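Pasted below: model.txt, compact mmCIF, C-alpha atoms and all ligand atoms.
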```
# COMPACT_ATOMS: atom_id res chain seq x y z
CA MET A 1 0.00 0.00 0.00
CA TRP A 2 1.00 3.60 -0.36
CA ARG A 3 2.14 3.82 3.27
CA LYS A 4 4.98 1.45 2.46
CA CYS A 5 6.11 3.53 -0.51
CA LEU A 6 6.01 6.70 1.50
CA SER A 7 7.81 5.42 4.54
CA SER A 8 10.55 3.96 2.38
CA LEU A 9 11.04 7.34 0.74
CA VAL A 10 12.45 9.46 3.49
CA ALA A 11 11.41 7.92 6.76
CA SER A 12 14.34 9.47 8.53
CA GLN A 13 13.58 12.92 7.28
CA ARG A 14 10.41 13.78 9.16
CA GLN A 15 10.79 17.51 9.42
CA VAL A 16 10.02 20.12 11.92
CA GLN A 17 8.10 22.94 10.24
CA PRO A 18 4.61 22.39 11.68
CA MET A 19 6.00 22.15 15.19
CA LEU A 20 8.21 25.17 14.77
CA ARG A 21 5.13 27.20 14.08
CA LEU A 22 3.55 25.75 17.21
CA MET A 23 6.59 26.41 19.35
CA HIS A 24 6.10 30.12 18.80
CA HIS A 25 2.57 29.75 20.08
CA HIS A 26 3.25 30.19 23.78
CA HIS A 27 0.74 29.94 26.56
CA PRO A 28 1.26 33.16 28.49
CA ASN A 29 -1.33 32.30 31.14
CA GLN A 30 0.28 29.01 31.97
CA ALA A 31 2.04 29.18 35.34
CA PRO A 32 5.42 27.47 35.14
CA ALA A 33 5.35 24.12 36.94
CA THR A 34 7.86 23.62 39.74
CA ARG A 35 9.36 20.72 37.83
CA PRO A 36 8.47 19.80 34.26
CA PRO A 37 6.54 16.53 34.00
CA LYS A 38 8.53 13.53 32.82
CA ILE A 39 6.60 12.18 29.86
CA LEU A 40 6.60 8.78 28.14
CA ILE A 41 5.09 8.50 24.64
CA THR A 42 4.24 4.96 23.51
CA GLY A 43 3.88 4.15 19.82
CA GLY A 44 5.99 7.24 19.37
CA LEU A 45 7.31 6.60 15.86
CA GLY A 46 3.90 6.80 14.20
CA GLN A 47 2.25 9.74 12.48
CA LEU A 48 1.49 11.60 15.71
CA GLY A 49 4.32 10.57 18.03
CA ILE A 50 7.38 12.29 16.59
CA GLU A 51 5.60 15.61 16.12
CA CYS A 52 4.10 15.30 19.60
CA ALA A 53 7.57 14.78 21.08
CA LYS A 54 8.82 17.90 19.29
CA LEU A 55 6.03 19.98 20.73
CA LEU A 56 6.35 18.62 24.28
CA ARG A 57 10.14 18.95 24.21
CA SER A 58 9.79 22.58 23.15
CA GLN A 59 7.67 23.13 26.25
CA TYR A 60 9.31 20.90 28.87
CA GLY A 61 12.85 20.28 27.62
CA SER A 62 14.33 17.54 25.50
CA GLU A 63 15.22 15.16 28.32
CA SER A 64 11.74 15.36 29.83
CA VAL A 65 10.10 13.55 26.93
CA ILE A 66 10.92 9.91 26.15
CA LEU A 67 9.79 8.50 22.83
CA SER A 68 9.22 4.75 22.71
CA ASP A 69 8.13 2.20 20.13
CA ILE A 70 9.03 -1.26 18.85
CA ILE A 71 10.45 0.18 15.62
CA LYS A 72 14.13 0.85 14.92
CA PRO A 73 14.55 4.64 15.09
CA SER A 74 16.21 6.78 12.46
CA GLN A 75 19.41 8.65 13.28
CA ALA A 76 17.42 11.89 13.32
CA VAL A 77 15.07 10.52 16.00
CA LEU A 78 18.01 9.43 18.15
CA GLU A 79 19.70 12.81 17.84
CA ASN A 80 16.59 14.66 18.90
CA GLY A 81 16.08 13.26 22.43
CA PRO A 82 15.67 10.07 24.44
CA TYR A 83 14.31 7.04 22.59
CA ILE A 84 13.76 3.59 24.10
CA PHE A 85 12.26 0.27 23.06
CA ALA A 86 8.90 -0.40 24.71
CA ASP A 87 6.47 -3.13 23.71
CA ILE A 88 3.02 -2.19 24.95
CA LEU A 89 2.28 -5.87 25.57
CA ASP A 90 5.14 -6.23 28.06
CA PHE A 91 3.80 -5.00 31.39
CA LYS A 92 7.00 -5.60 33.37
CA GLY A 93 9.07 -3.80 30.75
CA LEU A 94 6.74 -0.81 30.99
CA GLN A 95 6.91 -0.87 34.80
CA LYS A 96 10.69 -0.74 34.61
CA ILE A 97 10.63 2.30 32.34
CA VAL A 98 8.15 4.19 34.52
CA VAL A 99 10.18 3.49 37.67
CA ASN A 100 13.66 4.06 36.25
CA HIS A 101 12.73 7.30 34.47
CA ARG A 102 10.32 8.58 37.14
CA ILE A 103 7.52 9.07 34.60
CA ASP A 104 4.63 11.45 35.44
CA TRP A 105 2.59 11.51 32.23
CA LEU A 106 1.92 8.71 29.79
CA ILE A 107 0.82 9.50 26.24
CA HIS A 108 -0.38 6.26 24.78
CA PHE A 109 -0.24 6.29 20.97
CA SER A 110 0.38 2.59 20.22
CA ALA A 111 -2.46 1.22 18.12
CA LEU A 112 -3.46 -0.47 14.88
CA LEU A 113 -5.65 1.98 12.98
CA SER A 114 -8.99 1.26 11.33
CA ALA A 115 -8.05 -0.22 7.94
CA VAL A 116 -4.99 -2.12 9.17
CA GLY A 117 -6.96 -3.43 12.18
CA GLU A 118 -9.50 -5.07 9.86
CA GLN A 119 -6.61 -6.89 8.14
CA ASN A 120 -5.35 -8.40 11.41
CA VAL A 121 -8.07 -8.55 14.05
CA PRO A 122 -6.20 -10.73 16.59
CA LEU A 123 -3.23 -8.37 16.59
CA ALA A 124 -5.52 -5.34 16.86
CA VAL A 125 -7.20 -6.94 19.89
CA ARG A 126 -3.83 -7.46 21.52
CA VAL A 127 -2.29 -4.07 20.78
CA ASN A 128 -5.43 -1.95 21.14
CA ILE A 129 -7.16 -3.74 24.03
CA GLU A 130 -4.47 -5.60 26.02
CA GLY A 131 -2.16 -2.64 25.43
CA VAL A 132 -4.69 -0.28 27.01
CA HIS A 133 -5.18 -2.66 29.97
CA ASN A 134 -1.45 -2.50 30.58
CA VAL A 135 -1.06 1.27 30.44
CA ILE A 136 -4.18 1.98 32.46
CA GLU A 137 -3.11 -0.38 35.23
CA LEU A 138 0.39 1.07 35.13
CA ALA A 139 -0.97 4.61 35.38
CA LYS A 140 -3.09 3.59 38.36
CA GLN A 141 -0.20 1.88 40.18
CA TYR A 142 2.22 4.77 39.68
CA LYS A 143 -0.33 7.62 39.81
CA LEU A 144 0.41 8.88 36.31
CA ARG A 145 -1.68 11.30 34.28
CA ILE A 146 -2.59 9.29 31.20
CA PHE A 147 -3.72 10.41 27.74
CA VAL A 148 -5.28 7.87 25.39
CA PRO A 149 -6.58 9.15 22.04
CA SER A 150 -9.93 7.96 20.80
CA THR A 151 -11.38 8.69 17.37
CA ILE A 152 -14.38 9.43 15.20
CA GLY A 153 -14.10 5.66 14.55
CA ALA A 154 -15.55 5.05 18.03
CA PHE A 155 -18.97 5.76 16.47
CA GLY A 156 -20.93 3.57 14.10
CA PRO A 157 -23.93 3.44 11.78
CA ASP A 158 -26.43 3.83 14.65
CA SER A 159 -24.85 7.09 15.84
CA PRO A 160 -26.15 10.43 14.57
CA ARG A 161 -23.66 11.43 11.87
CA ASN A 162 -24.29 15.11 11.28
CA PRO A 163 -23.56 16.30 13.85
CA THR A 164 -22.23 13.60 16.20
CA PRO A 165 -22.50 14.83 19.80
CA ASN A 166 -20.10 14.04 22.64
CA VAL A 167 -22.53 11.65 24.31
CA THR A 168 -24.59 9.45 22.01
CA ILE A 169 -25.01 5.84 20.95
CA GLN A 170 -21.68 4.14 20.07
CA ARG A 171 -21.89 0.86 18.20
CA PRO A 172 -18.81 0.84 15.94
CA ARG A 173 -18.39 -1.95 13.37
CA THR A 174 -14.58 -2.08 13.21
CA ILE A 175 -12.23 -3.71 15.72
CA TYR A 176 -10.49 -0.33 15.89
CA GLY A 177 -13.73 1.37 16.96
CA VAL A 178 -14.62 -1.39 19.41
CA SER A 179 -11.18 -1.14 21.02
CA LYS A 180 -11.47 2.64 21.30
CA VAL A 181 -14.90 2.47 22.98
CA HIS A 182 -13.31 -0.04 25.35
CA ALA A 183 -10.45 2.40 26.06
CA GLU A 184 -12.91 5.24 26.75
CA LEU A 185 -14.99 3.10 29.11
CA ILE A 186 -12.17 1.50 31.05
CA GLY A 187 -10.49 4.89 31.43
CA GLU A 188 -13.68 6.44 32.81
CA TYR A 189 -14.14 3.43 35.07
CA TYR A 190 -10.63 3.78 36.54
CA TYR A 191 -11.26 7.50 37.01
CA HIS A 192 -14.44 6.88 39.01
CA LYS A 193 -13.22 3.82 40.89
CA PHE A 194 -9.58 4.73 41.60
CA GLY A 195 -9.32 8.46 40.90
CA LEU A 196 -7.03 7.85 37.89
CA ASP A 197 -6.31 11.08 35.98
CA PHE A 198 -7.43 9.61 32.64
CA ARG A 199 -7.83 12.03 29.71
CA CYS A 200 -9.07 11.16 26.26
CA LEU A 201 -9.74 13.17 23.10
CA ARG A 202 -11.63 11.75 20.16
CA PHE A 203 -9.62 12.96 17.18
CA PRO A 204 -10.91 13.20 13.61
CA GLY A 205 -8.62 12.29 10.68
CA VAL A 206 -5.27 13.93 11.42
CA ILE A 207 -3.47 15.47 8.46
CA SER A 208 0.29 15.95 8.34
CA SER A 209 2.98 15.41 5.75
CA ASP A 210 4.20 12.27 7.55
CA PRO A 211 2.89 8.87 6.49
CA PRO A 212 -0.23 7.78 8.41
CA GLY A 213 -0.56 4.31 9.90
CA GLY A 214 -3.24 2.66 7.75
CA GLY A 215 -6.53 4.39 8.51
CA THR A 216 -9.66 5.28 6.59
CA THR A 217 -8.83 8.99 6.48
CA ASP A 218 -5.34 8.45 4.98
CA TYR A 219 -6.44 9.61 1.52
CA ALA A 220 -6.34 13.19 2.78
CA VAL A 221 -2.57 12.84 3.27
CA ALA A 222 -1.82 10.59 0.28
CA VAL A 223 -3.49 12.96 -2.18
CA PHE A 224 -0.94 15.69 -1.41
CA HIS A 225 2.05 13.39 -1.97
CA GLU A 226 0.67 11.94 -5.19
CA ALA A 227 -0.63 15.24 -6.57
CA LEU A 228 2.62 17.11 -5.97
CA ARG A 229 4.76 14.29 -7.40
CA HIS A 230 2.68 12.92 -10.24
CA GLY A 231 -0.27 15.30 -10.74
CA LYS A 232 -2.76 12.46 -10.27
CA TYR A 233 -4.34 10.33 -7.56
CA THR A 234 -6.75 7.41 -7.30
CA CYS A 235 -8.96 7.90 -4.26
CA TYR A 236 -10.37 4.87 -2.42
CA LEU A 237 -13.38 6.85 -1.14
CA LYS A 238 -16.27 8.25 -3.19
CA PRO A 239 -15.97 11.96 -4.02
CA ASP A 240 -18.83 12.98 -1.69
CA THR A 241 -17.65 11.11 1.45
CA ARG A 242 -17.67 13.74 4.19
CA LEU A 243 -15.43 13.15 7.22
CA PRO A 244 -14.19 15.33 10.10
CA MET A 245 -10.49 16.30 9.85
CA MET A 246 -7.81 18.32 11.59
CA TYR A 247 -4.30 19.61 10.80
CA ILE A 248 -1.64 18.05 13.04
CA GLU A 249 -0.71 21.35 14.64
CA ASP A 250 -4.27 21.79 15.92
CA CYS A 251 -4.41 18.15 17.03
CA LEU A 252 -1.28 18.36 19.15
CA ARG A 253 -2.15 21.77 20.55
CA ALA A 254 -5.51 20.30 21.63
CA LEU A 255 -3.64 17.46 23.34
CA LEU A 256 -1.27 19.81 25.16
CA GLU A 257 -3.98 22.26 26.26
CA PHE A 258 -6.17 19.39 27.44
CA MET A 259 -3.32 17.79 29.40
CA ARG A 260 -2.59 21.12 31.05
CA ALA A 261 -6.21 21.92 31.88
CA PRO A 262 -6.90 21.87 35.63
CA ASN A 263 -9.00 18.89 36.64
CA GLU A 264 -11.77 21.16 37.99
CA GLN A 265 -12.27 22.55 34.47
CA LEU A 266 -13.02 19.13 33.01
CA LYS A 267 -16.66 18.07 33.12
CA ARG A 268 -15.87 14.74 31.47
CA ARG A 269 -12.87 12.54 30.71
CA VAL A 270 -13.59 12.04 26.99
CA TYR A 271 -14.12 14.95 24.59
CA ASN A 272 -14.78 15.23 20.86
CA VAL A 273 -12.42 17.68 19.13
CA THR A 274 -12.36 18.71 15.50
CA ALA A 275 -11.50 21.52 13.13
CA MET A 276 -13.38 20.97 9.84
CA SER A 277 -15.27 18.48 7.69
CA PHE A 278 -14.75 17.99 3.95
CA THR A 279 -15.18 15.51 1.13
CA PRO A 280 -12.48 14.28 -1.28
CA GLU A 281 -13.89 16.44 -4.05
CA GLU A 282 -13.84 19.56 -1.87
CA LEU A 283 -10.22 18.85 -0.92
CA VAL A 284 -9.26 18.21 -4.55
CA ASP A 285 -10.92 21.46 -5.57
CA LYS A 286 -8.69 23.44 -3.17
CA LEU A 287 -5.59 21.44 -4.08
CA SER A 288 -6.20 22.12 -7.79
CA LYS A 289 -5.35 25.75 -7.13
CA HIS A 290 -1.79 24.58 -6.38
CA VAL A 291 -1.70 21.75 -8.96
CA PRO A 292 -3.77 23.08 -11.89
CA HIS A 293 -3.72 19.86 -13.98
CA LEU A 294 -4.49 17.56 -11.07
CA HIS A 295 -6.38 14.46 -12.23
CA VAL A 296 -8.22 12.49 -9.54
CA THR A 297 -10.18 9.29 -10.15
CA TYR A 298 -12.34 7.44 -7.63
CA LYS A 299 -12.18 3.70 -6.96
CA PRO A 300 -13.92 2.97 -3.65
CA ASP A 301 -12.69 -0.09 -1.73
CA SER A 302 -13.51 -1.65 1.67
CA ARG A 303 -12.59 1.60 3.42
CA GLN A 304 -15.73 3.17 1.92
CA LEU A 305 -17.90 0.97 4.17
CA ILE A 306 -15.98 2.14 7.21
CA ALA A 307 -16.22 5.81 6.23
CA ASP A 308 -19.97 5.46 5.61
CA SER A 309 -20.45 4.41 9.24
CA TRP A 310 -18.44 7.29 10.74
CA PRO A 311 -19.46 10.83 11.72
CA GLN A 312 -19.64 13.40 8.93
CA VAL A 313 -19.61 16.43 11.20
CA PHE A 314 -18.25 16.23 14.72
CA ASP A 315 -19.81 18.29 17.52
CA ASP A 316 -16.98 19.42 19.80
CA SER A 317 -18.93 22.15 21.62
CA ASP A 318 -18.27 20.55 25.04
CA ALA A 319 -14.49 20.89 24.56
CA ARG A 320 -14.94 24.48 23.35
CA ARG A 321 -17.05 25.28 26.42
CA ASP A 322 -15.13 23.46 29.17
CA TRP A 323 -11.45 24.02 28.33
CA HIS A 324 -11.79 26.59 25.55
CA TRP A 325 -10.73 24.43 22.63
CA LYS A 326 -10.46 26.47 19.43
CA HIS A 327 -9.10 25.25 16.11
CA LYS A 328 -6.83 27.43 13.99
CA TYR A 329 -6.73 25.68 10.59
CA ASP A 330 -9.65 25.47 8.16
CA LEU A 331 -9.64 23.76 4.76
CA THR A 332 -7.99 26.64 2.89
CA ASN A 333 -5.02 27.13 5.19
CA LEU A 334 -4.72 23.37 5.78
CA VAL A 335 -4.14 22.92 2.03
CA ASP A 336 -1.68 25.81 1.87
CA PHE A 337 0.38 24.42 4.75
CA MET A 338 0.23 20.81 3.55
CA VAL A 339 1.49 21.76 0.10
CA LYS A 340 4.39 23.56 1.73
CA ASP A 341 5.08 20.74 4.25
CA VAL A 342 5.08 17.94 1.65
CA GLN A 343 7.20 19.99 -0.73
CA GLU A 344 9.81 20.94 1.88
CA ASN A 345 9.87 17.80 4.04
CA TYR A 346 9.67 15.17 1.31
CA ILE A 347 9.92 16.29 -2.30
CA ASN A 348 12.83 18.67 -1.87
CA VAL A 349 14.61 16.06 0.24
CA GLU A 350 14.11 13.40 -2.43
CA ASN A 351 15.43 15.82 -5.00
CA GLY A 352 18.54 16.26 -2.89
CA GLU A 353 18.04 19.91 -2.09
CA ARG A 354 19.75 21.24 0.99
CA GLN A 355 17.48 21.51 4.00
CA THR A 356 17.52 24.72 5.95
CA ILE A 357 15.97 23.16 9.04
CA LYS A 358 17.22 19.89 10.47
CA ILE A 359 15.51 17.93 13.19
N1 LIG B 1 -3.71 9.62 12.80
C1 LIG B 1 -5.01 9.84 12.95
O1 LIG B 1 -5.70 10.31 12.04
C2 LIG B 1 -5.67 9.53 14.24
C3 LIG B 1 -5.01 8.85 15.25
N2 LIG B 1 -5.67 8.56 16.41
C4 LIG B 1 -5.00 7.79 17.45
O2 LIG B 1 -3.75 8.37 17.77
C5 LIG B 1 -2.81 7.35 18.10
C6 LIG B 1 -1.56 7.53 17.25
O3 LIG B 1 -1.95 7.40 15.91
P1 LIG B 1 -0.90 7.43 14.72
O4 LIG B 1 0.36 8.02 15.16
O5 LIG B 1 -1.60 7.98 13.56
O6 LIG B 1 -0.72 5.85 14.49
P2 LIG B 1 0.44 5.09 13.71
O7 LIG B 1 -0.14 3.83 13.19
O8 LIG B 1 1.14 6.00 12.78
O9 LIG B 1 1.44 4.74 14.92
C7 LIG B 1 1.15 3.76 15.87
C8 LIG B 1 2.45 3.25 16.45
O10 LIG B 1 2.16 2.19 17.37
C9 LIG B 1 3.25 1.32 17.32
N3 LIG B 1 2.96 -0.01 17.86
C10 LIG B 1 2.34 -1.05 17.26
N4 LIG B 1 2.39 -2.15 18.04
C11 LIG B 1 3.06 -1.79 19.17
C12 LIG B 1 3.46 -2.49 20.33
N5 LIG B 1 3.19 -3.77 20.53
N6 LIG B 1 4.13 -1.80 21.30
C13 LIG B 1 4.44 -0.50 21.13
N7 LIG B 1 4.10 0.20 20.03
C14 LIG B 1 3.43 -0.44 19.06
C15 LIG B 1 3.61 1.25 15.85
O11 LIG B 1 4.94 0.77 15.69
C16 LIG B 1 3.41 2.69 15.40
O12 LIG B 1 4.62 3.42 15.38
C17 LIG B 1 -3.53 6.01 17.88
O13 LIG B 1 -3.99 5.53 19.11
C18 LIG B 1 -4.69 6.38 17.00
O14 LIG B 1 -5.78 5.54 17.23
C19 LIG B 1 -6.96 8.91 16.63
C20 LIG B 1 -7.66 9.55 15.66
C21 LIG B 1 -7.06 9.96 14.43
C1 LIG B 2 -9.68 8.75 12.18
C2 LIG B 2 -8.78 7.72 12.67
O1 LIG B 2 -8.90 7.27 13.79
C3 LIG B 2 -7.73 7.18 11.78
N1 LIG B 2 -7.12 8.18 10.99
C4 LIG B 2 -8.31 6.12 10.86
O2 LIG B 2 -8.77 6.51 9.78
O3 LIG B 2 -8.35 4.94 11.27
```

What's the C-alpha cells form of this structure?
Ligand SMILES: NC(=O)C1=CN([C@@H]2O[C@H](COP(=O)(O)OP(=O)(O)OC[C@H]3O[C@@H](n4cnc5c(N)ncnc54)[C@H](O)[C@@H]3O)[C@@H](O)[C@H]2O)C=CC1
Ligand SMILES: CC(=O)[C@H](N)C(=O)O
Amino acid sequence: MWRKCLSSLVASQRQVQPMLRLMHHHHPNQAPATRPPKILITGGLGQLGIECAKLLRSQYGSESVILSDIIKPSQAVLENGPYIFADILDFKGLQKIVVNHRIDWLIHFSALLSAVGEQNVPLAVRVNIEGVHNVIELAKQYKLRIFVPSTIGAFGPDSPRNPTPNVTIQRPRTIYGVSKVHAELIGEYYYHKFGLDFRCLRFPGVISSDPPGGGTTDYAVAVFHEALRHGKYTCYLKPDTRLPMMYIEDCLRALLEFMRAPNEQLKRRVYNVTAMSFTPEELVDKLSKHVPHLHVTYKPDSRQLIADSWPQVFDDSDARRDWHWKHKYDLTNLVDFMVKDVQENYINVENGERQTIKI
C-alpha cells in the first residue's frame, strides 16, 4: 500500500516545520510548573508521536520527553532526544521504564488503525485492548496522568452522523472502533473507581505530511504526496464522502492544552475535538489551485464501508465550552500548509536539495 512507498522514501527525514510554528505559540497564562513533568510517549514513531515529542520537548525540555516504540529509530530521531524500546504488551518492561525514568505523564499512541486493524483482528485486539489494559493499570499503580486518544471511529452506523454529539449511541463496526470504545470506558471506570487522571480526546482524521498508519482517512494525506509528485491520484473513497479532519498542529495543541487543563475545568474525561469536515472532491478542488492539472479518479474499496459508518460532522462544543478548545486551521489554510510541508519535508529532500531546518 502507499504507506509502504512513502515510509521507504524518506522515513528518517520527518521535518520540523509544523512544530516550529507551534513552538512560537506560547501559553502566556500558563504558570510554570515547579518541575516539568517527565513524559513517556508509547507508539511514538507513528504519524502523531514524533511531532508530539517535538512539541512537548519545546515546552518541557528535551530530556523530559521519552519517545518509545518497537520500531528501529532513524538517526534523526536518536539525535533529537531520548528514545527507548517499549512493547506495549510487556507490562513488566513498561513498569521498569516508569520506575527508572520517574515518569509522570503517559501519552499512549500505540495502536493499529482502522483499515490495518480489519486486516489483522487478533493483533488489533492485543495491541489496542491488552495494550490499554497494561497502560491503564500502570498509570493507576504509579499515579500517572494518562492520555489515550480515541477517534471518530468510536462511532458507528447507529450514531447520529451530522452532527455527532459528545454523548450518544456508540456501536462501531470495526475492531479499531470497538477497542477505542473499550479504552474510553475502562479509562472512565478507573477515574471513578480509583481516581485515575485519565484524559481522552476523540480525534478526527489527522493530516500531516508524515505517512499515516493505515486508517480510513489516509487519503487526505496521500493525495498531497501523489498530486505534488505525479499530478494524479486514485482515491479509495467516493468523491462525496464527508469526514471530520484536523491539521496536526491543531491536534497536538488540543492534546497539550487538554493535558494542562486543571481537573476542575473538566466536566468529562472524553471529549470530541475537530476543526473541519470535507469531502475528497472539496479537498481536490482546493488542491487544484496549487496543482492546476491535477487528475483524480475514484475507486472505492472496503474503506468506503468504514467511512460510511463514521461521523460526517463532529460536535466538539463541550471541549470548546469546558477548556476553551479552538481550532486554527480550516480547509484553505490546511491545504496551503500541507502543500508547503510535503514539498519541503519530502519532495525537496528526495530531489537532494539542501534543507535549511534539520531535526
Ligand atoms: N492519525 C489519525 O488520524 C488519528 C489517530 N488517532 C490515534 O492516535 C494514536 C496515534 O496514531 P498514529 O500516530 O496515527 O498511528 P500510527 O499507526 O502512525 O502509529 C502507531 C504506532 O504504534 C506502534 N505499535 C504497534 N504495536 C506496538 C506495540 N506492541 N508496542 C508498542 N508500540 C506499538 C507502531 O509501531 C506505530 O509506530 C492512535 O492511538 C490512533 O488511534 C486517533 C484519531 C485519528
Ligand atoms: C480517524 C482515525 O482514527 C484514523 N485516521 C483512521 O482513519 O483509522

message = Measuring between all atoms listed in the file, which one of A:Phe314, A:Tyr233, A:Phe85, A:Phe147 shows the shortest distance to ligand LIG 2 (chain B)?
response = A:Phe314

Closest contacts (chain A/ligand LIG 1 (chain B), max 7 Å, only C-alpha atoms and all ligand atoms) as CSV:
```
residue,atom,partner,partner_atom,distance
A:Thr42,CA,B:LIG1,N7,5.9
A:Gly43,CA,B:LIG1,O10,3.6
A:Gly44,CA,B:LIG1,O12,5.7
A:Leu45,CA,B:LIG1,O12,4.2
A:Gly46,CA,B:LIG1,O8,3.2
A:Gln47,CA,B:LIG1,O4,3.7
A:Leu48,CA,B:LIG1,O4,3.8
A:Gly49,CA,B:LIG1,O4,5.5
A:Asp69,CA,B:LIG1,N7,4.5
A:Ile70,CA,B:LIG1,C13,5.2
A:Ile71,CA,B:LIG1,O11,5.5
A:Ala86,CA,B:LIG1,C13,5.7
A:Asp87,CA,B:LIG1,N6,3.6
A:Ile88,CA,B:LIG1,N6,3.8
A:Leu89,CA,B:LIG1,N5,5.5
A:His108,CA,B:LIG1,O13,6.8
A:Phe109,CA,B:LIG1,C5,4.0
A:Ser110,CA,B:LIG1,O10,3.4
A:Ala111,CA,B:LIG1,O13,4.7
A:Leu112,CA,B:LIG1,O7,5.7
A:Leu113,CA,B:LIG1,O14,5.5
A:Val127,CA,B:LIG1,N5,5.5
A:Val148,CA,B:LIG1,O13,6.8
A:Pro149,CA,B:LIG1,C4,5.0
A:Ser150,CA,B:LIG1,C19,5.2
A:Thr151,CA,B:LIG1,C20,4.2
A:Ile152,CA,B:LIG1,C20,6.7
A:Arg202,CA,B:LIG1,C20,6.4
A:Phe203,CA,B:LIG1,C20,4.2
A:Pro204,CA,B:LIG1,C21,5.1
A:Gly205,CA,B:LIG1,O1,3.8
A:Val206,CA,B:LIG1,O1,3.7
A:Ile207,CA,B:LIG1,O1,6.7
A:Pro212,CA,B:LIG1,O8,4.9
A:Gly213,CA,B:LIG1,O7,3.4
A:Gly214,CA,B:LIG1,O7,6.4
A:Gly215,CA,B:LIG1,O1,6.9
A:Thr217,CA,B:LIG1,O1,6.5
```

query = So how many Å separate atom CA of Thr241 of chain A and atom C4 of ligand LIG 2 (chain B), to one decimal?
reply =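 Computed distance, atom CA of Thr241 of chain A to atom C4 of ligand LIG 2 (chain B), equals 14.2 Å.
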
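The closest residue to Lys289 of chain A, picked from A:Tyr189, A:Met246, A:Val335, A:Ser179 and counting all atoms listed in the file, is A:Val335.
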
As AutoDock Vina command-line options: centre and edge lengths in Å, one decimal, of the axis-aligned box holding ligand LIG 2 (chain B) with 6 Å per side:
```
--center_x -8.4 --center_y 6.8 --center_z 11.8 --size_x 14.6 --size_y 15.8 --size_z 16.0
```

request  = Kindly give the distance, in Å, that separates atom CA of Ala53 of chain A and atom CA of Asp90 of chain A, rounded to a single decimal.
outcome  = 22.3 Å

message = With 8 Å as the threshold, what does the neighbourhood of (-16.6, 3.7, 18.0) contain in terms of residues, counting all atoms listed in the file? Coordinates are those of the file; answer as a list in words.
response =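 Residues close enough to count: Thr151, Ile152, Gly153, Ala154, Phe155, Gly156, Gln170, Arg171, Pro172, Arg173, Thr174, Tyr176, Gly177, Val178, Ser179, Lys180 and Val181 of chain A.
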
message = If I take atom CA of Pro163 of chain A and atom CA of Ile186 of chain A, how far is one from the other in Å, to one decimal?
response = 25.4 Å

request  = May I ask which of the residues A:Glu137, A:Glu118, A:Glu130, A:Asp336 is the closest one to ligand LIG 2 (chain B), counting only C-alpha atoms and all ligand atoms?
outcome  = A:Glu118

request  = Have a look at A:Arg253, A:Arg303, A:Arg229, A:Lys140 and name the one nearest to ligand LIG 2 (chain B); count all atoms listed in the file.
outcome  =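 So, comparing all the options, the nearest one is A:Arg303.
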
12 Å contact set for Met338 of chain A, all atoms listed in the file, chain neighbours under 5 positions out, as a PyMOL selection string = chain A and resi 17-18+206-210+220-225+227-228+246-249+283+286-287+290+329-333+343-346

ask   = Which residues, protein or nucleic acid, reach to within 10 Å of (-2.6, 9.6, 28.2) in the file's coordinates when using only C-alpha atoms, and can you give that as number ranges by chain?
value = A: 39-42, 105-109, 135-136, 139, 144-149, 187, 197-201, 255, 259

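Counting only C-alpha atoms and comparing A:Leu185, A:Val313, A:Ile306, A:Val339, the residue that lies closest to Gly117 of chain A is A:Ile306.
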
Taking the structure in the block just given, could you write segment 186-197 of chain A with N, CA and C atoms, as a short mmCIF file (atom, residue, chain, number, x, y, z; two decimals), in the first residue's frame?
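That gives us out_12.cif:
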```cif
data_model
loop_
_atom_site.label_atom_id
_atom_site.label_comp_id
_atom_site.auth_asym_id
_atom_site.auth_seq_id
_atom_site.Cartn_x
_atom_site.Cartn_y
_atom_site.Cartn_z
N ILE A 186 -13.02 1.97 29.95
CA ILE A 186 -12.17 1.50 31.05
C ILE A 186 -11.44 2.68 31.70
N GLY A 187 -11.11 3.68 30.89
CA GLY A 187 -10.49 4.89 31.43
C GLY A 187 -11.44 5.62 32.37
N GLU A 188 -12.68 5.77 31.95
CA GLU A 188 -13.68 6.44 32.81
C GLU A 188 -13.90 5.62 34.08
N TYR A 189 -13.93 4.31 33.92
CA TYR A 189 -14.14 3.43 35.07
C TYR A 189 -13.00 3.60 36.10
N TYR A 190 -11.77 3.60 35.63
CA TYR A 190 -10.63 3.78 36.54
C TYR A 190 -10.65 5.19 37.18
N TYR A 191 -11.14 6.15 36.44
CA TYR A 191 -11.26 7.50 37.01
C TYR A 191 -12.24 7.48 38.19
N HIS A 192 -13.42 6.88 37.96
CA HIS A 192 -14.44 6.88 39.01
C HIS A 192 -14.06 5.95 40.17
N LYS A 193 -13.50 4.81 39.84
CA LYS A 193 -13.22 3.82 40.89
C LYS A 193 -11.94 4.14 41.67
N PHE A 194 -10.89 4.58 40.94
CA PHE A 194 -9.58 4.73 41.60
C PHE A 194 -9.06 6.17 41.57
N GLY A 195 -9.79 7.09 40.98
CA GLY A 195 -9.32 8.46 40.90
C GLY A 195 -8.21 8.66 39.88
N LEU A 196 -8.07 7.73 38.92
CA LEU A 196 -7.03 7.85 37.89
C LEU A 196 -7.26 9.10 37.04
N ASP A 197 -6.19 9.86 36.80
CA ASP A 197 -6.31 11.08 35.98
C ASP A 197 -6.24 10.69 34.50
#
```
